[in-house]
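upload27.txt, holding compact mmCIF, C-alpha atoms:
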```
# COMPACT_ATOMS: atom_id res chain seq x y z
CA MET A 1 8.94 28.10 5.80
CA LEU A 2 6.93 26.20 3.19
CA TYR A 3 6.47 22.44 3.61
CA VAL A 4 4.91 20.05 1.08
CA ALA A 5 4.26 16.32 1.49
CA GLY A 6 3.96 13.42 -0.90
CA ILE A 7 2.21 10.18 0.01
CA ASP A 8 2.43 6.96 -2.01
CA ILE A 9 -0.18 4.38 -1.01
CA GLY A 10 1.18 1.26 -2.67
CA SER A 11 -0.41 -2.18 -2.74
CA THR A 12 2.15 -3.48 -0.23
CA TYR A 13 3.84 -0.47 1.38
CA SER A 14 2.83 3.14 2.03
CA LYS A 15 5.54 5.79 1.81
CA ALA A 16 5.55 9.47 2.74
CA ILE A 17 8.03 12.33 2.46
CA VAL A 18 8.04 16.03 3.30
CA LEU A 19 10.18 18.70 1.61
CA ASN A 20 10.88 22.31 2.44
CA GLU A 21 10.88 25.18 -0.07
CA LYS A 22 14.51 24.37 -0.97
CA ARG A 23 13.39 20.83 -1.93
CA GLU A 24 15.36 19.41 0.99
CA VAL A 25 14.02 16.23 2.62
CA ILE A 26 12.83 17.05 6.13
CA GLY A 27 11.31 13.68 7.01
CA LYS A 28 10.13 10.37 5.59
CA ALA A 29 8.14 7.32 6.69
CA VAL A 30 7.40 3.81 5.41
CA ARG A 31 4.90 1.23 6.67
CA ARG A 32 2.93 -1.73 5.38
CA THR A 33 -0.32 -0.69 3.70
CA GLY A 34 -2.60 -3.49 4.93
CA PHE A 35 -6.18 -3.71 3.69
CA LYS A 36 -7.53 -0.42 5.12
CA LEU A 37 -6.06 2.09 2.69
CA GLY A 38 -7.53 5.22 4.27
CA GLN A 39 -6.19 4.15 7.65
CA ALA A 40 -2.79 3.46 6.09
CA SER A 41 -2.60 7.01 4.76
CA GLU A 42 -3.40 8.47 8.18
CA SER A 43 -0.86 6.23 9.91
CA VAL A 44 2.01 6.91 7.52
CA PHE A 45 1.27 10.64 7.62
CA GLU A 46 1.38 10.65 11.43
CA GLU A 47 4.71 8.83 11.30
CA LEU A 48 5.94 11.41 8.79
CA LEU A 49 4.99 14.29 11.08
CA GLN A 50 6.80 12.67 13.99
CA ALA A 51 9.90 12.03 11.87
CA SER A 52 9.99 15.62 10.62
CA GLY A 53 9.00 17.34 13.86
CA LEU A 54 6.15 19.17 12.11
CA THR A 55 2.44 19.57 12.81
CA ARG A 56 -0.39 19.11 10.30
CA SER A 57 -1.00 22.85 10.17
CA GLN A 58 2.56 23.40 8.96
CA ILE A 59 2.04 21.22 5.85
CA THR A 60 0.87 23.50 3.05
CA TYR A 61 0.19 20.93 0.35
CA VAL A 62 -0.23 17.15 0.13
CA ALA A 63 -0.02 15.18 -3.12
CA ALA A 64 -1.00 11.51 -3.24
CA THR A 65 0.05 8.81 -5.66
CA GLY A 66 0.03 5.04 -5.87
CA TYR A 67 -2.54 2.27 -5.91
CA GLY A 68 -4.59 3.89 -3.12
CA ARG A 69 -4.10 7.58 -3.93
CA PHE A 70 -7.85 8.30 -4.03
CA THR A 71 -8.25 7.03 -0.44
CA VAL A 72 -6.08 9.78 1.09
CA PRO A 73 -8.78 12.04 2.57
CA PHE A 74 -6.52 15.06 3.23
CA ARG A 75 -4.86 15.19 -0.21
CA HIS A 76 -4.90 18.33 -2.33
CA SER A 77 -4.19 16.41 -5.54
CA GLN A 78 -3.68 12.87 -6.81
CA ILE A 79 -1.08 11.97 -9.42
CA THR A 80 -0.60 8.68 -11.25
CA GLU A 81 2.49 6.61 -10.48
CA LEU A 82 3.60 6.98 -14.11
CA THR A 83 3.66 10.78 -13.93
CA SER A 84 5.26 10.77 -10.48
CA HIS A 85 8.02 8.41 -11.59
CA ALA A 86 8.70 10.38 -14.76
CA HIS A 87 9.01 13.81 -13.15
CA ALA A 88 10.99 12.56 -10.15
CA ALA A 89 13.45 10.44 -12.12
CA VAL A 90 14.29 13.17 -14.60
CA HIS A 91 14.54 15.76 -11.80
CA LEU A 92 17.00 13.62 -9.81
CA PHE A 93 18.78 12.08 -12.81
CA PRO A 94 18.37 14.32 -15.91
CA GLY A 95 19.72 11.68 -18.28
CA THR A 96 16.92 9.21 -17.45
CA ARG A 97 14.99 7.91 -20.45
CA THR A 98 13.73 4.55 -19.14
CA ILE A 99 12.18 3.78 -15.76
CA LEU A 100 11.47 0.34 -14.33
CA ASP A 101 9.17 0.11 -11.31
CA ILE A 102 8.97 -3.33 -9.68
CA GLY A 103 6.13 -3.01 -7.19
CA GLY A 104 4.36 -5.38 -4.85
CA GLN A 105 1.63 -6.32 -7.34
CA ASP A 106 2.78 -5.05 -10.75
CA ILE A 107 5.74 -3.97 -12.87
CA LYS A 108 5.83 -0.79 -14.94
CA ALA A 109 8.28 0.04 -17.72
CA ILE A 110 8.16 3.73 -18.70
CA ARG A 111 9.89 5.64 -21.51
CA VAL A 112 10.30 9.36 -20.84
CA ASP A 113 11.73 12.40 -22.61
CA GLY A 114 14.16 15.01 -21.30
CA SER A 115 11.33 17.10 -19.86
CA GLY A 116 10.01 14.26 -17.70
CA HIS A 117 6.98 13.52 -19.86
CA VAL A 118 5.79 9.93 -20.36
CA ARG A 119 6.16 8.86 -23.99
CA ALA A 120 5.27 5.17 -23.65
CA PHE A 121 4.62 2.63 -20.91
CA ARG A 122 3.79 -1.04 -20.42
CA LEU A 123 2.49 -2.95 -17.41
CA ASN A 124 2.92 -6.65 -16.68
CA ASP A 125 0.12 -8.90 -17.92
CA LYS A 126 -2.05 -8.91 -14.79
CA CYS A 127 0.09 -11.57 -13.15
CA ALA A 128 2.16 -11.37 -9.97
CA ALA A 129 4.91 -13.75 -11.16
CA GLY A 130 7.33 -10.91 -11.87
CA THR A 131 6.63 -8.73 -8.84
CA GLY A 132 7.80 -8.16 -5.29
CA ALA A 133 4.84 -10.16 -3.97
CA PHE A 134 6.12 -13.24 -5.81
CA LEU A 135 9.56 -12.88 -4.20
CA GLU A 136 7.99 -12.43 -0.77
CA LYS A 137 5.78 -15.49 -1.24
CA THR A 138 8.75 -17.55 -2.43
CA ALA A 139 10.67 -16.46 0.66
CA ARG A 140 7.78 -17.54 2.91
CA TYR A 141 7.72 -21.01 1.27
CA LEU A 142 11.42 -21.29 2.10
CA GLY A 143 10.91 -20.15 5.68
CA LEU A 144 12.69 -16.84 5.05
CA THR A 145 11.85 -13.22 5.78
CA THR A 146 11.87 -10.42 3.20
CA GLU A 147 15.22 -9.27 4.63
CA ASP A 148 16.71 -12.73 3.89
CA ILE A 149 15.98 -12.59 0.14
CA GLY A 150 19.12 -10.73 -0.95
CA PRO A 151 21.67 -12.49 1.30
CA TYR A 152 20.30 -15.95 0.41
CA ALA A 153 20.32 -15.24 -3.32
CA MET A 154 23.92 -14.01 -3.12
CA ARG A 155 25.00 -17.36 -1.63
CA SER A 156 23.55 -19.36 -4.52
CA THR A 157 25.96 -21.48 -6.58
CA ASN A 158 23.50 -23.17 -8.95
CA PRO A 159 20.25 -21.19 -9.38
CA VAL A 160 17.29 -23.21 -10.65
CA GLN A 161 15.10 -22.10 -13.53
CA ILE A 162 11.62 -20.74 -12.78
CA SER A 163 10.08 -20.73 -16.23
CA SER A 164 6.34 -20.21 -15.64
CA VAL A 165 4.92 -16.80 -16.52
CA CYS A 166 1.95 -17.35 -14.18
CA ALA A 167 2.41 -16.77 -10.45
CA VAL A 168 0.37 -19.85 -9.51
CA PHE A 169 2.41 -22.17 -11.73
CA ALA A 170 5.66 -20.47 -10.70
CA GLU A 171 4.79 -21.17 -7.06
CA SER A 172 4.19 -24.80 -7.98
CA GLU A 173 7.69 -24.90 -9.51
CA VAL A 174 9.15 -23.47 -6.30
CA ILE A 175 7.37 -26.10 -4.20
CA ASN A 176 8.52 -28.86 -6.56
CA HIS A 177 12.16 -27.70 -6.36
CA LEU A 178 11.87 -27.57 -2.57
CA SER A 179 10.48 -31.11 -2.38
CA ASN A 180 13.38 -32.32 -4.56
CA GLY A 181 15.88 -31.01 -2.04
CA VAL A 182 17.09 -27.97 -3.98
CA PRO A 183 18.82 -25.55 -1.57
CA ALA A 184 16.81 -22.47 -0.58
CA GLU A 185 19.61 -20.24 -1.89
CA ASP A 186 19.32 -21.64 -5.42
CA ILE A 187 15.51 -21.37 -5.44
CA MET A 188 15.63 -17.77 -4.22
CA ARG A 189 18.25 -16.81 -6.81
CA GLY A 190 16.24 -18.56 -9.54
CA SER A 191 13.15 -16.57 -8.60
CA MET A 192 15.10 -13.31 -8.78
CA VAL A 193 16.59 -14.22 -12.16
CA ALA A 194 13.08 -15.01 -13.44
CA LEU A 195 11.81 -11.64 -12.21
CA GLY A 196 14.71 -9.87 -13.92
CA GLY A 197 13.98 -11.65 -17.20
CA ARG A 198 10.34 -10.55 -17.17
CA ALA A 199 11.40 -6.99 -16.40
CA VAL A 200 13.77 -6.94 -19.38
CA GLN A 201 11.00 -8.22 -21.68
CA LEU A 202 8.74 -5.41 -20.47
CA MET A 203 11.40 -2.77 -21.16
CA ARG A 204 11.91 -4.13 -24.66
CA ARG A 205 8.19 -3.75 -25.30
CA VAL A 206 8.33 -0.10 -24.24
CA GLY A 207 11.29 0.52 -26.53
```

Written as structure tokens, how would this file's structure read?
Amino acid sequence: MLYVAGIDIGSTYSKAIVLNEKREVIGKAVRRTGFKLGQASESVFEELLQASGLTRSQITYVAATGYGRFTVPFRHSQITELTSHAHAAVHLFPGTRTILDIGGQDIKAIRVDGSGHVRAFRLNDKCAAGTGAFLEKTARYLGLTTEDIGPYAMRSTNPVQISSVCAVFAESEVINHLSNGVPAEDIMRGSMVALGGRAVQLMRRVG
């Protein structure tokens, strides 16, 4: 049996998956990346092997992608996130023509063709205000965990506006709302609405 693995070393989380020759998922693993990227790749790969019941010698090929793809010492190839997203999305959902990736530190809007080739892409303007990291930081200000973000936002009845396009100023807005007694639910929902608005702008730019 042939087994191939893919490892995505993201800025916040590292993900890994192994497929057999029928393209069936045999195992997967997710863990926080931390600041030692090479160590993160080893750790998530070990978790992947445990989850799939395989040994290293049984893995024929390893492809790496993501922010830290060049730090995976046992990779056979490295592929950009743009290419990975394009091929995977069109393979799983053939009608895909636009992809939106909201990551920990950046957002990518990608336009693809029916063959899974990238035709255009745009990244956010080097600011974390529209990313997962911004939502996580907002949650921490409110005394919430990442798992609380969705449930709290769903309970909002009057979301506040977070208008700043800079993460630092947006955080100041969050703190100001908090000091004015705005409920955590409305601040969390406002942050999510702001993120969604920036994502839509990025997709418009990519056409």

**OP:** Please provide as a ChimeraX atom specification all residues within 9 Å of Ile162 (chain A), with the sequence filter that same-chain residues fewer than 4 positions apart are discarded (counting only C-alpha atoms).
**Re:** /A:170-171,173-174,187,190-191,193-194

**OP:** Identify which of the residues A:Thr131, A:Asn158, A:Thr33, A:Thr98 lies closest to Tyr67 (chain A), counting all atoms listed in the file when measuring atom-to-atom distances.
**Re:**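 Ranked by minimum distance to Tyr67 (chain A), first place goes to A:Thr33.
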
**OP:** Tell me which of A:Arg111, A:Arg205, A:Lys36, A:Lys28 sits closest to Thr71 (chain A), counting all atoms listed in the file.
**Re:**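 Comparing A:Arg111, A:Arg205, A:Lys36, A:Lys28 against Thr71 (chain A), the winner is A:Lys36.
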
Please put the answer as AutoDock Vina command-line options: centre and edge lengths, in Å with one decimal, of a box along x, y and z that encloses all listed atoms of region 22-37 of chain A plus 6 Å on each side.
```
--center_x 3.9 --center_y 10.3 --center_z 2.5 --size_x 34.9 --size_y 40.1 --size_z 20.9
```

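Residue nearest Gly66 (chain A), chosen from A:Glu21, A:Asp8, A:Asp106, A:Glu185 and counting only C-alpha atoms: A:Asp8.
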
As a compact mmCIF listing (two decimals), in the frame of the given file, the rebuilt region 143-157 of chain A with N, CA and C atoms:
```
# COMPACT_ATOMS: atom_id res chain seq x y z
N GLY A 143 10.73 -20.45 4.27
CA GLY A 143 10.91 -20.15 5.68
C GLY A 143 11.79 -18.95 5.93
N LEU A 144 11.83 -18.02 4.95
CA LEU A 144 12.69 -16.84 5.05
C LEU A 144 11.86 -15.57 5.24
N THR A 145 12.50 -14.53 5.70
CA THR A 145 11.85 -13.22 5.78
C THR A 145 12.22 -12.42 4.53
N THR A 146 11.56 -11.29 4.34
CA THR A 146 11.87 -10.42 3.20
C THR A 146 13.34 -9.98 3.26
N GLU A 147 13.83 -9.73 4.47
CA GLU A 147 15.22 -9.27 4.63
C GLU A 147 16.23 -10.35 4.24
N ASP A 148 15.80 -11.62 4.23
CA ASP A 148 16.71 -12.73 3.89
C ASP A 148 16.89 -12.89 2.38
N ILE A 149 16.00 -12.31 1.58
CA ILE A 149 15.98 -12.59 0.14
C ILE A 149 17.33 -12.30 -0.52
N GLY A 150 17.85 -11.11 -0.33
CA GLY A 150 19.12 -10.73 -0.95
C GLY A 150 20.29 -11.59 -0.51
N PRO A 151 20.53 -11.69 0.82
CA PRO A 151 21.67 -12.49 1.30
C PRO A 151 21.61 -13.96 0.84
N TYR A 152 20.41 -14.55 0.85
CA TYR A 152 20.30 -15.95 0.41
C TYR A 152 20.62 -16.07 -1.07
N ALA A 153 20.08 -15.17 -1.88
CA ALA A 153 20.32 -15.24 -3.32
C ALA A 153 21.80 -15.07 -3.64
N MET A 154 22.49 -14.25 -2.87
CA MET A 154 23.92 -14.01 -3.12
C MET A 154 24.77 -15.25 -2.81
N ARG A 155 24.24 -16.15 -1.98
CA ARG A 155 25.00 -17.36 -1.63
C ARG A 155 24.76 -18.50 -2.61
N SER A 156 23.88 -18.30 -3.57
CA SER A 156 23.55 -19.36 -4.52
C SER A 156 24.74 -19.71 -5.41
N THR A 157 24.91 -21.02 -5.67
CA THR A 157 25.96 -21.48 -6.58
C THR A 157 25.39 -22.12 -7.84
```
